[in-house]
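Listing of entry.pdb; format and content: PDB, C-alpha atoms (C1' of nucleotides).
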```
ATOM      1  CA  MET A 580     196.758 156.261  -1.467
ATOM      2  CA  ASP A 581     198.876 154.807  -4.217
ATOM      3  CA  SER A 582     196.601 152.515  -6.150
ATOM      4  CA  LYS A 583     199.533 150.335  -7.131
ATOM      5  CA  ILE A 584     199.300 148.437  -3.908
ATOM      6  CA  PHE A 585     196.010 147.068  -5.169
ATOM      7  CA  SER A 586     197.450 145.728  -8.422
ATOM      8  CA  LEU A 587     197.635 142.013  -7.739
ATOM      9  CA  LYS A 588     200.783 140.151  -8.515
ATOM     10  CA  SER A 589     200.990 136.447  -9.007
ATOM     11  CA  LYS A 590     201.523 134.378  -5.907
ATOM     12  CA  LEU A 591     204.931 133.432  -7.165
ATOM     13  CA  GLU A 592     206.010 137.043  -7.500
ATOM     14  CA  VAL A 593     204.869 137.834  -3.978
ATOM     15  CA  TYR A 594     206.604 134.740  -2.773
ATOM     16  CA  LYS A 595     209.840 135.748  -4.425
ATOM     17  CA  ALA A 596     209.535 139.255  -2.991
ATOM     18  CA  MET A 597     209.167 137.973   0.527
ATOM     19  CA  THR A 598     211.816 135.345   0.211
ATOM     20  CA  GLY A 599     214.296 137.574  -1.539
ATOM     21  CA  GLY A 600     214.293 135.281  -4.556
ATOM     22  CA  GLY A 601     214.594 131.916  -2.881
ATOM     23  CA  ASN A 602     216.327 132.897   0.326
ATOM     24  CA  PHE A 603     213.922 133.352   3.228
ATOM     25  CA  ALA A 604     216.413 134.894   5.615
ATOM     26  CA  ASP A 605     217.832 138.401   5.038
ATOM     27  CA  CYS A 606     214.759 139.604   3.181
ATOM     28  CA  PRO A 607     213.619 143.223   3.481
ATOM     29  CA  VAL A 608     209.933 142.430   3.028
ATOM     30  CA  ARG A 609     210.087 139.842   5.732
ATOM     31  CA  ASP A 610     211.901 142.336   7.925
ATOM     32  CA  VAL A 611     209.116 144.905   7.487
ATOM     33  CA  ILE A 612     206.336 142.364   8.008
ATOM     34  CA  GLN A 613     207.891 141.064  11.192
ATOM     35  CA  GLY A 614     208.231 144.627  12.436
ATOM     36  CA  ILE A 615     204.474 145.135  12.337
ATOM     37  CA  SER A 616     203.442 141.626  13.284
ATOM     38  CA  GLY A 617     204.098 141.944  16.981
ATOM     39  CA  LYS A 618     201.348 141.289  19.465
ATOM     40  CA  TRP A 619     200.472 144.964  20.032
ATOM     41  CA  SER A 620     201.730 146.785  16.916
ATOM     42  CA  SER A 621     198.681 146.404  14.708
ATOM     43  CA  LEU A 622     196.370 147.214  17.600
ATOM     44  CA  LEU A 623     198.126 150.500  18.326
ATOM     45  CA  VAL A 624     198.331 151.439  14.662
ATOM     46  CA  MET A 625     194.614 150.822  14.482
ATOM     47  CA  ALA A 626     193.886 152.997  17.458
ATOM     48  CA  LEU A 627     196.085 155.818  16.141
ATOM     49  CA  ALA A 628     194.447 155.528  12.722
ATOM     50  CA  GLU A 629     191.260 156.774  14.296
ATOM     51  CA  LYS A 630     192.918 159.813  15.865
ATOM     52  CA  PRO A 631     196.056 160.803  17.765
ATOM     53  CA  TYR A 632     196.193 159.624  21.349
ATOM     54  CA  ARG A 633     198.207 160.426  24.404
ATOM     55  CA  PHE A 634     200.141 157.800  26.304
ATOM     56  CA  GLY A 635     197.662 157.434  29.129
ATOM     57  CA  GLU A 636     194.716 157.360  26.751
ATOM     58  CA  LEU A 637     196.256 154.453  24.859
ATOM     59  CA  ARG A 638     196.870 152.666  28.097
ATOM     60  CA  ARG A 639     193.230 153.006  29.105
ATOM     61  CA  LEU A 640     192.104 152.099  25.590
ATOM     62  CA  VAL A 641     194.064 148.833  25.651
ATOM     63  CA  PRO A 642     193.614 147.783  29.248
ATOM     64  CA  ASP A 643     195.598 144.567  29.002
ATOM     65  CA  ILE A 644     198.840 146.036  27.703
ATOM     66  CA  SER A 645     201.515 146.669  30.284
ATOM     67  CA  GLN A 646     202.973 150.139  30.515
ATOM     68  CA  ARG A 647     206.321 148.612  29.670
ATOM     69  CA  MET A 648     205.127 147.048  26.410
ATOM     70  CA  LEU A 649     203.194 150.179  25.479
ATOM     71  CA  THR A 650     206.351 152.257  25.815
ATOM     72  CA  GLN A 651     208.395 149.790  23.841
ATOM     73  CA  THR A 652     205.916 149.110  21.051
ATOM     74  CA  LEU A 653     205.386 152.841  20.508
ATOM     75  CA  TYR A 654     209.147 153.279  20.459
ATOM     76  CA  ASP A 655     209.529 150.566  17.822
ATOM     77  CA  LEU A 656     206.708 152.002  15.712
ATOM     78  CA  GLN A 657     208.300 155.409  15.951
ATOM     79  CA  ARG A 658     211.683 154.043  14.973
ATOM     80  CA  ASP A 659     210.257 152.373  11.881
ATOM     81  CA  GLY A 660     208.594 155.630  10.882
ATOM     82  CA  TYR A 661     204.962 154.685  11.416
ATOM     83  CA  VAL A 662     204.322 156.860  14.454
ATOM     84  CA  HIS A 663     205.145 160.434  15.378
ATOM     85  CA  ARG A 664     205.779 161.334  19.024
ATOM     86  CA  GLU A 665     205.303 164.883  20.208
ATOM     87  CA  VAL A 666     205.908 166.212  23.699
ATOM     88  CA  PHE A 667     203.867 169.210  24.822
ATOM     89  CA  PRO A 668     205.388 171.465  27.515
ATOM     90  CA  THR A 669     202.389 171.325  29.800
ATOM     91  CA  LYS A 670     202.749 170.663  33.496
ATOM     92  CA  PRO A 671     203.114 167.769  33.772
ATOM     93  CA  PRO A 672     204.374 167.272  30.194
ATOM     94  CA  SER A 673     201.993 165.385  27.953
ATOM     95  CA  VAL A 674     202.988 163.233  24.998
ATOM     96  CA  GLU A 675     200.906 162.729  21.908
ATOM     97  CA  TYR A 676     201.299 159.864  19.468
ATOM     98  CA  SER A 677     199.985 160.045  15.918
ATOM     99  CA  LEU A 678     200.418 158.184  12.626
ATOM    100  CA  THR A 679     202.851 159.528  10.070
ATOM    101  CA  ASP A 680     202.069 159.461   6.352
ATOM    102  CA  LEU A 681     203.965 156.183   6.185
ATOM    103  CA  GLY A 682     201.875 154.841   9.033
ATOM    104  CA  ARG A 683     198.649 155.857   7.344
ATOM    105  CA  SER A 684     199.727 154.280   4.060
ATOM    106  CA  MET A 685     200.518 151.060   5.896
ATOM    107  CA  PHE A 686     197.178 151.121   7.654
ATOM    108  CA  ALA A 687     195.363 150.814   4.317
ATOM    109  CA  PRO A 688     196.448 147.219   3.584
ATOM    110  CA  LEU A 689     196.267 146.393   7.277
ATOM    111  CA  GLN A 690     192.650 147.416   7.153
ATOM    112  CA  MET A 691     192.036 144.723   4.524
ATOM    113  CA  LEU A 692     193.280 142.114   6.937
ATOM    114  CA  ILE A 693     191.133 143.521   9.725
ATOM    115  CA  GLN A 694     188.073 143.404   7.513
ATOM    116  CA  TRP A 695     188.850 139.831   6.574
ATOM    117  CA  ALA A 696     189.105 138.979  10.247
ATOM    118  CA  GLU A 697     185.821 140.671  10.926
ATOM    119  CA  LEU A 698     184.087 138.641   8.226
ATOM    120  CA  ASN A 699     185.749 135.346   9.091
ATOM    121  CA  HIS A 700     186.254 135.212  12.807
ATOM    122  CA  ASP A 701     183.306 132.856  13.119
ATOM    123  CA  ALA A 702     184.935 130.425  10.709
ATOM    124  CA  VAL A 703     188.177 130.566  12.674
ATOM    125  CA  ARG A 704     186.401 130.022  15.965
ATOM    126  CA  GLU A 705     184.512 127.068  14.537
ATOM    127  CA  ALA A 706     187.716 125.585  13.156
ATOM    128  CA  ARG A 707     189.257 125.786  16.607
ATOM    129  CA  VAL A 708     186.318 124.110  18.283
ATOM    130  CA  ALA A 709     186.231 121.349  15.668
ATOM    131  CA  PHE A 710     189.981 120.800  15.934
ATOM    132  CA  ASP A 711     189.945 120.613  19.720
ATOM    133  CA  ALA A 712     187.019 118.201  19.622
ATOM    134  CA  ALA A 713     188.841 115.953  17.152
ATOM    135  CA  GLN A 714     191.951 115.913  19.348
ATOM    136  CA  ALA A 715     190.035 114.856  22.471
TER     137      ALA A 715
ATOM    138  CA  MET B1342     187.000 135.586  -3.222
ATOM    139  CA  ASP B1343     184.268 137.619  -1.669
ATOM    140  CA  SER B1344     184.661 141.105  -3.084
ATOM    141  CA  LYS B1345     183.137 142.580   0.038
ATOM    142  CA  ILE B1346     186.488 142.552   1.766
ATOM    143  CA  PHE B1347     187.553 145.231  -0.674
ATOM    144  CA  SER B1348     184.678 147.574   0.150
ATOM    145  CA  LEU B1349     186.327 150.132   2.376
ATOM    146  CA  LYS B1350     184.728 151.022   5.627
ATOM    147  CA  SER B1351     185.384 154.164   7.532
ATOM    148  CA  LYS B1352     188.277 154.061   9.929
ATOM    149  CA  LEU B1353     185.862 154.416  12.784
ATOM    150  CA  GLU B1354     183.909 151.345  11.731
ATOM    151  CA  VAL B1355     187.068 149.288  11.488
ATOM    152  CA  TYR B1356     188.148 150.600  14.822
ATOM    153  CA  LYS B1357     184.882 149.615  16.415
ATOM    154  CA  ALA B1358     185.097 146.179  14.832
ATOM    155  CA  MET B1359     188.520 145.532  16.255
ATOM    156  CA  THR B1360     187.762 146.972  19.631
ATOM    157  CA  GLY B1361     184.417 145.285  19.951
ATOM    158  CA  GLY B1362     182.710 148.660  20.173
ATOM    159  CA  GLY B1363     184.928 150.447  22.636
ATOM    160  CA  ASN B1364     186.343 147.520  24.540
ATOM    161  CA  PHE B1365     189.743 146.452  23.270
ATOM    162  CA  ALA B1366     189.970 143.217  25.216
ATOM    163  CA  ASP B1367     187.702 140.234  24.398
ATOM    164  CA  CYS B1368     187.364 141.166  20.750
ATOM    165  CA  PRO B1369     187.056 138.443  18.111
ATOM    166  CA  VAL B1370     188.774 140.470  15.391
ATOM    167  CA  ARG B1371     191.698 141.137  17.638
ATOM    168  CA  ASP B1372     191.773 137.447  18.516
ATOM    169  CA  VAL B1373     192.018 136.464  14.848
ATOM    170  CA  ILE B1374     194.630 139.125  14.046
ATOM    171  CA  GLN B1375     196.818 138.073  16.935
ATOM    172  CA  GLY B1376     196.554 134.470  15.788
ATOM    173  CA  ILE B1377     198.213 135.302  12.473
ATOM    174  CA  SER B1378     200.584 137.971  13.731
ATOM    175  CA  GLY B1379     203.133 135.626  15.202
ATOM    176  CA  LYS B1380     206.710 135.777  14.056
ATOM    177  CA  TRP B1381     206.453 132.820  11.686
ATOM    178  CA  SER B1382     202.750 132.533  10.811
ATOM    179  CA  SER B1383     202.595 134.892   7.864
ATOM    180  CA  LEU B1384     205.840 133.529   6.481
ATOM    181  CA  LEU B1385     204.536 129.960   6.465
ATOM    182  CA  VAL B1386     201.173 130.986   5.024
ATOM    183  CA  MET B1387     203.084 132.735   2.271
ATOM    184  CA  ALA B1388     205.175 129.702   1.514
ATOM    185  CA  LEU B1389     202.137 127.413   1.467
ATOM    186  CA  ALA B1390     200.272 129.882  -0.774
ATOM    187  CA  GLU B1391     202.767 129.058  -3.479
ATOM    188  CA  LYS B1392     202.248 125.315  -3.189
ATOM    189  CA  PRO B1393     201.895 122.578  -0.575
ATOM    190  CA  TYR B1394     205.090 121.685   1.210
ATOM    191  CA  ARG B1395     206.325 118.879   3.383
ATOM    192  CA  PHE B1396     207.711 119.435   6.849
ATOM    193  CA  GLY B1397     211.335 119.087   5.906
ATOM    194  CA  GLU B1398     210.909 121.248   2.820
ATOM    195  CA  LEU B1399     209.522 124.071   4.944
ATOM    196  CA  ARG B1400     212.390 123.677   7.336
ATOM    197  CA  ARG B1401     214.906 124.039   4.537
ATOM    198  CA  LEU B1402     212.924 126.906   2.996
ATOM    199  CA  VAL B1403     213.003 128.884   6.240
ATOM    200  CA  PRO B1404     216.472 128.083   7.508
ATOM    201  CA  ASP B1405     216.248 130.177  10.662
ATOM    202  CA  ILE B1406     213.132 128.610  12.142
ATOM    203  CA  SER B1407     213.688 125.972  14.772
ATOM    204  CA  GLN B1408     212.055 122.604  14.297
ATOM    205  CA  ARG B1409     210.189 123.239  17.501
ATOM    206  CA  MET B1410     208.619 126.501  16.300
ATOM    207  CA  LEU B1411     207.868 125.032  12.888
ATOM    208  CA  THR B1412     205.930 122.206  14.510
ATOM    209  CA  GLN B1413     204.076 124.549  16.800
ATOM    210  CA  THR B1414     203.269 127.269  14.266
ATOM    211  CA  LEU B1415     201.944 124.705  11.803
ATOM    212  CA  TYR B1416     199.885 123.198  14.614
ATOM    213  CA  ASP B1417     198.393 126.581  15.473
ATOM    214  CA  LEU B1418     197.665 127.386  11.838
ATOM    215  CA  GLN B1419     195.994 124.009  11.481
ATOM    216  CA  ARG B1420     193.938 124.559  14.593
ATOM    217  CA  ASP B1421     192.671 127.892  13.339
ATOM    218  CA  GLY B1422     191.697 126.294  10.047
ATOM    219  CA  TYR B1423     194.232 127.925   7.751
ATOM    220  CA  VAL B1424     196.317 124.855   7.065
ATOM    221  CA  HIS B1425     195.537 121.230   6.221
ATOM    222  CA  ARG B1426     197.886 118.490   7.399
ATOM    223  CA  GLU B1427     198.003 115.183   5.591
ATOM    224  CA  VAL B1428     200.089 112.169   6.494
ATOM    225  CA  PHE B1429     201.093 109.791   3.725
ATOM    226  CA  PRO B1430     201.819 106.161   4.681
ATOM    227  CA  THR B1431     205.211 106.037   3.050
ATOM    228  CA  LYS B1432     208.229 104.586   4.829
ATOM    229  CA  PRO B1433     209.144 106.699   6.687
ATOM    230  CA  PRO B1434     205.785 108.536   6.803
ATOM    231  CA  SER B1435     205.761 111.897   5.082
ATOM    232  CA  VAL B1436     203.533 114.814   6.028
ATOM    233  CA  GLU B1437     202.236 117.434   3.641
ATOM    234  CA  TYR B1438     200.957 120.844   4.652
ATOM    235  CA  SER B1439     198.688 122.910   2.416
ATOM    236  CA  LEU B1440     196.396 125.925   2.695
ATOM    237  CA  THR B1441     192.698 125.349   3.197
ATOM    238  CA  ASP B1442     190.092 127.522   1.460
ATOM    239  CA  LEU B1443     190.045 129.662   4.586
ATOM    240  CA  GLY B1444     193.808 129.962   4.454
ATOM    241  CA  ARG B1445     193.726 130.998   0.814
ATOM    242  CA  SER B1446     191.032 133.584   1.475
ATOM    243  CA  MET B1447     193.123 135.011   4.309
ATOM    244  CA  PHE B1448     196.184 135.123   2.112
ATOM    245  CA  ALA B1449     194.471 137.612  -0.231
ATOM    246  CA  PRO B1450     194.469 140.525   2.229
ATOM    247  CA  LEU B1451     197.803 139.411   3.634
ATOM    248  CA  GLN B1452     199.173 139.771   0.146
ATOM    249  CA  MET B1453     198.191 143.466   0.205
ATOM    250  CA  LEU B1454     200.359 143.957   3.248
ATOM    251  CA  ILE B1455     203.240 142.085   1.644
ATOM    252  CA  GLN B1456     202.998 144.255  -1.428
ATOM    253  CA  TRP B1457     202.965 147.360   0.708
ATOM    254  CA  ALA B1458     206.085 146.117   2.453
ATOM    255  CA  GLU B1459     207.738 145.424  -0.848
ATOM    256  CA  LEU B1460     207.045 148.971  -2.039
ATOM    257  CA  ASN B1461     207.959 150.659   1.227
ATOM    258  CA  HIS B1462     210.761 148.736   2.834
ATOM    259  CA  ASP B1463     213.207 151.390   1.738
ATOM    260  CA  ALA B1464     211.222 154.083   3.539
ATOM    261  CA  VAL B1465     211.132 151.957   6.686
ATOM    262  CA  ARG B1466     214.839 151.276   6.528
ATOM    263  CA  GLU B1467     215.565 154.960   6.055
ATOM    264  CA  ALA B1468     213.310 155.875   8.969
ATOM    265  CA  ARG B1469     215.257 153.480  11.167
ATOM    266  CA  VAL B1470     218.601 154.915  10.144
ATOM    267  CA  ALA B1471     217.399 158.489  10.692
ATOM    268  CA  PHE B1472     215.910 157.611  14.072
ATOM    269  CA  ASP B1473     219.034 155.859  15.278
ATOM    270  CA  ALA B1474     221.176 158.766  14.120
ATOM    271  CA  ALA B1475     218.962 161.256  15.985
ATOM    272  CA  GLN B1476     219.208 159.190  19.162
ATOM    273  CA  ALA B1477     223.008 159.095  19.097
TER     274      ALA B1477
ATOM    275  C1'  DA C 152     201.247 168.426  53.999
ATOM    276  C1'  DG C 153     198.947 165.178  51.466
ATOM    277  C1'  DT C 154     196.952 163.547  46.934
ATOM    278  C1'  DG C 155     196.767 163.063  42.110
ATOM    279  C1'  DC C 156     198.145 163.292  37.362
ATOM    280  C1'  DT C 157     201.811 163.058  33.818
ATOM    281  C1'  DG C 158     204.914 159.487  31.187
ATOM    282  C1'  DG C 159     207.854 156.865  31.997
ATOM    283  C1'  DT C 160     211.969 153.404  34.186
ATOM    284  C1'  DC C 161     213.618 149.494  37.250
ATOM    285  C1'  DT C 162     213.305 145.016  39.128
ATOM    286  C1'  DC C 163     211.418 140.471  39.580
ATOM    287  C1'  DT C 164     208.825 136.579  37.869
ATOM    288  C1'  DT C 165     206.652 133.994  34.401
ATOM    289  C1'  DT C 166     206.102 132.772  29.634
ATOM    290  C1'  DT C 167     207.901 132.121  25.105
ATOM    291  C1'  DT C 168     211.449 131.011  22.100
ATOM    292  C1'  DG C 169     215.846 129.042  20.465
ATOM    293  C1'  DA C 170     219.533 125.236  20.358
ATOM    294  C1'  DG C 171     220.311 120.920  20.252
ATOM    295  C1'  DA C 172     220.023 115.947  21.754
ATOM    296  C1'  DC C 173     217.203 112.070  21.141
ATOM    297  C1'  DC C 174     213.743 108.614  19.028
ATOM    298  C1'  DA C 175     211.581 104.755  15.928
ATOM    299  C1'  DT C 176     211.371 102.909  11.484
ATOM    300  C1'  DC C 177     212.650 101.709   7.128
ATOM    301  C1'  DG C 178     215.871 101.663   2.813
ATOM    302  C1'  DT C 179     220.280 101.792   1.203
ATOM    303  C1'  DT C 180     224.999 101.053   1.491
ATOM    304  C1'  DC C 181     229.346  98.872   2.751
TER     305       DC C 181
ATOM    306  C1'  DG D1325     224.707  92.287   9.017
ATOM    307  C1'  DA D1326     226.103  96.733  10.795
ATOM    308  C1'  DA D1327     226.407 101.558   9.900
ATOM    309  C1'  DC D1328     224.120 105.619   7.868
ATOM    310  C1'  DG D1329     220.686 108.787   6.249
ATOM    311  C1'  DA D1330     216.007 110.526   5.771
ATOM    312  C1'  DT D1331     211.385 110.889   7.712
ATOM    313  C1'  DG D1332     208.697 114.170  11.365
ATOM    314  C1'  DG D1333     208.648 114.847  15.353
ATOM    315  C1'  DT D1334     209.396 115.316  21.095
ATOM    316  C1'  DC D1335     212.242 116.416  25.288
ATOM    317  C1'  DT D1336     215.317 119.188  27.933
ATOM    318  C1'  DC D1337     217.830 123.155  29.063
ATOM    319  C1'  DA D1338     219.275 127.947  28.340
ATOM    320  C1'  DA D1339     218.279 132.519  26.662
ATOM    321  C1'  DA D1340     215.234 136.065  25.452
ATOM    322  C1'  DA D1341     210.931 138.417  25.746
ATOM    323  C1'  DA D1342     206.912 139.808  28.127
ATOM    324  C1'  DG D1343     203.888 140.724  32.256
ATOM    325  C1'  DA D1344     203.277 142.690  37.171
ATOM    326  C1'  DG D1345     204.025 146.036  39.979
ATOM    327  C1'  DA D1346     206.967 149.324  42.704
ATOM    328  C1'  DC D1347     209.070 153.638  42.150
ATOM    329  C1'  DC D1348     210.224 158.524  40.443
ATOM    330  C1'  DA D1349     210.172 163.810  39.538
ATOM    331  C1'  DG D1350     207.529 167.828  39.014
ATOM    332  C1'  DC D1351     203.776 170.571  39.512
ATOM    333  C1'  DA D1352     198.610 171.717  40.723
ATOM    334  C1'  DC D1353     195.045 171.589  43.772
ATOM    335  C1'  DT D1354     193.124 171.190  48.376
TER     336       DT D1354
END
```
Target encoding structure tokens, full file:
Amino acid sequence: MDSKIFSLKSKLEVYKAMTGGGNFADCPVRDVIQGISGKWSSLLVMALAEKPYRFGELRRLVPDISQRMLTQTLYDLQRDGYVHREVFPTKPPSVEYSLTDLGRSMFAPLQMLIQWAELNHDAVREARVAFDAAQA
Amino acid sequence: MDSKIFSLKSKLEVYKAMTGGGNFADCPVRDVIQGISGKWSSLLVMALAEKPYRFGELRRLVPDISQRMLTQTLYDLQRDGYVHREVFPTKPPSVEYSLTDLGRSMFAPLQMLIQWAELNHDAVREARVAFDAAQA
DNA sequence: AGTGCTGGTCTCTTTTTGAGACCATCGTTC
DNA sequence: GAACGATGGTCTCAAAAAGAGACCAGCACT
């Protein structure tokens, strides 16, 4: 792990990085973030961070993903270089998905967000309840 | 900031946290993550981390968001407790959006991911090009 | 011959998103 | 005094994305 990702920048610097210096569209950072902010991407990266999985295993692990979205999300993750796909010539052929080095390096900061969520999901749930009560 | 979010857990622990101990559906961590993994959520949190903004300012800052999605994403962020909405009785009324304490505490780990993206967007772009070339 | 497992694709329906018109009110301008 | 712009939205309709489930080929086992 490169420790530089832990060296905090000022909010303004981060802001400029994401916006591309004042222009929110056509920004590479935003492009990368949106690539991993899909509904299933982080979940699959998380699963594969534990160990490599085969297609059917992932499907059983995440029961509420459709086969279609599993195929497509894995394809997108592979295209962006986070996931490696390997076909084994068994009968029938089996396919194993695993994180690449890039994927593992991305999982490190993602883990921070997951830990935050773990510590704060109560606060979020309470905020929702309070908000819905105030609306009614 | 609670420094505990920086104390790394094992991958397996994180995995169990997100899956709810083996069950990927009905998991509070996953619920929170999916709430902030929408297409526009992180972008708006980022903008508001710099300073509070008014509705129209956000719209001009993020030119490719529709008014409809801006309204709805801000509503969702407010409901989950990340964003505070304040109406000022000017003529016509103006509305200011700002991060709550919860929103600011969530922005800290999000920032890690943004920094990772900033450092690695070249690698991702190259992976895409290589993948597309291999497919053709 | 029938059944199951593999990792998908194809089609159809429902949900989500995007594009753009419309709205009420007030201040300013012509 | 009538037109215009700015405020922060909502409403409708079209397009895109996602979910549900049928289907497929090949081989093993019974």
What are the nearest atom pairs, with distances in Å to one decimal, for all residues of chain D that come at most 8 Å from chain B, using all atoms listed in the file, set out by chain and rising residue number as JSON lines?
```
{"residue": "D:DA1330", "atom": "C1'", "partner": "B:Pro1433", "partner_atom": "CA", "distance": 7.9}
{"residue": "D:DT1331", "atom": "C1'", "partner": "B:Pro1433", "partner_atom": "CA", "distance": 4.9}
{"residue": "D:DG1332", "atom": "C1'", "partner": "B:Phe1396", "partner_atom": "CA", "distance": 7.0}
{"residue": "D:DG1333", "atom": "C1'", "partner": "B:Thr1412", "partner_atom": "CA", "distance": 7.9}
```
- Message: Need the shell around Val1424 (chain B): protein/DNA/RNA residues with any atom at most 6 Å away, counting only C-alpha atoms (C1' of nucleotides). Skip same-chain ones fewer than 5 positions apart. Format as number ranges by chain?
- Response: B: 1418-1419, 1439-1441
- Message: Let me make sure I understand: among A:Leu649, A:Leu623, A:Ala687, A:Val641, which one has the smallest atom-to-atom distance to chain B if we use all atoms listed in the file?
- Response: A:Val641
- Message: Just checking: using all atoms listed in the file, which residue out of B:Val1428, B:Leu1415, B:Val1373, B:Ala1474 ends up closest to chain A?
- Response: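 Counting all atoms listed in the file, the residue closest to chain A is B:Val1373.
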- Message: For the PyMOL selection byres ((chain D and resi 1338-1351) around 9), applied here, can you spell out every residue it catches as an NGL selection string?
- Response: (:A and (644-645 or 647-648 or 670-671)) or (:C and (159-170)) or (:D and (1337 or 1352))
Residues of the last selection are to be written out with C-alpha atoms (C1' of nucleotides), as a CSV table (one decimal), in the coordinates of the input.
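Wrote it out as selection-v9.csv, contents follow:
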```
chain,number,residue,atom,x,y,z
A,644,ILE,CA,198.8,146.0,27.7
A,645,SER,CA,201.5,146.7,30.3
A,647,ARG,CA,206.3,148.6,29.7
A,648,MET,CA,205.1,147.0,26.4
A,670,LYS,CA,202.7,170.7,33.5
A,671,PRO,CA,203.1,167.8,33.8
C,159,DG,C1',207.9,156.9,32.0
C,160,DT,C1',212.0,153.4,34.2
C,161,DC,C1',213.6,149.5,37.2
C,162,DT,C1',213.3,145.0,39.1
C,163,DC,C1',211.4,140.5,39.6
C,164,DT,C1',208.8,136.6,37.9
C,165,DT,C1',206.7,134.0,34.4
C,166,DT,C1',206.1,132.8,29.6
C,167,DT,C1',207.9,132.1,25.1
C,168,DT,C1',211.4,131.0,22.1
C,169,DG,C1',215.8,129.0,20.5
C,170,DA,C1',219.5,125.2,20.4
D,1337,DC,C1',217.8,123.2,29.1
D,1352,DA,C1',198.6,171.7,40.7
```
- Task: Convert the output of the PyMOL selection byres ((chain C and resi 153) around 9) on the shown file into explicit residues, formatted as a list in words.
- Result: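 On the file shown, the PyMOL selection byres ((chain C and resi 153) around 9) covers DA152 and DT154 of chain C; DT1354 of chain D.
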- Evaluate the PyMOL selection byres ((chain B) within 7 of (chain A)) here and jot the selected residues down as a ChimeraX atom specification. /B:1346-1347,1352-1353,1356,1358,1365-1366,1369-1370,1373-1375,1378-1380,1387-1388,1390-1391,1402-1403,1405,1420-1422,1447,1450-1451,1453-1459,1462,1465,1468-1469,1472
- Message: Near chain A, meaning an atom within 8 Å, which residues of chain C appear when counting all atoms listed in the file? Write them as a VMD selection string.
- Response: chain C and resid 156 to 159
- Task: Work out how far apart C1' of DA1327 (chain D) and C1' of DA175 (chain C) are and give it in Å to one decimal.
- Result: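 Atom-to-atom, C1' of DA1327 (chain D) and C1' of DA175 (chain C) are spaced 16.3 Å apart.
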- Task: Please indicate the distance in Å from C1' of DG171 (chain C) to CA of Gln714 (chain A), rounded to one decimal place.
- Result: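 Here the two named atoms are 28.8 Å from each other.
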- Item | Interatomic distance (Å, one decimal) between C1' of DT176 (chain C) and C1' of DT1336 (chain D) | 23.5 Å
Let me have the centre and edge lengths in Å, one decimal, of the box along x, y and z around every listed atom of region 164-181 of chain C with 5 Å of margin on each side, as AutoDock Vina command-line options.
```
--center_x 217.7 --center_y 117.7 --center_z 19.5 --size_x 33.2 --size_y 47.7 --size_z 46.7
```
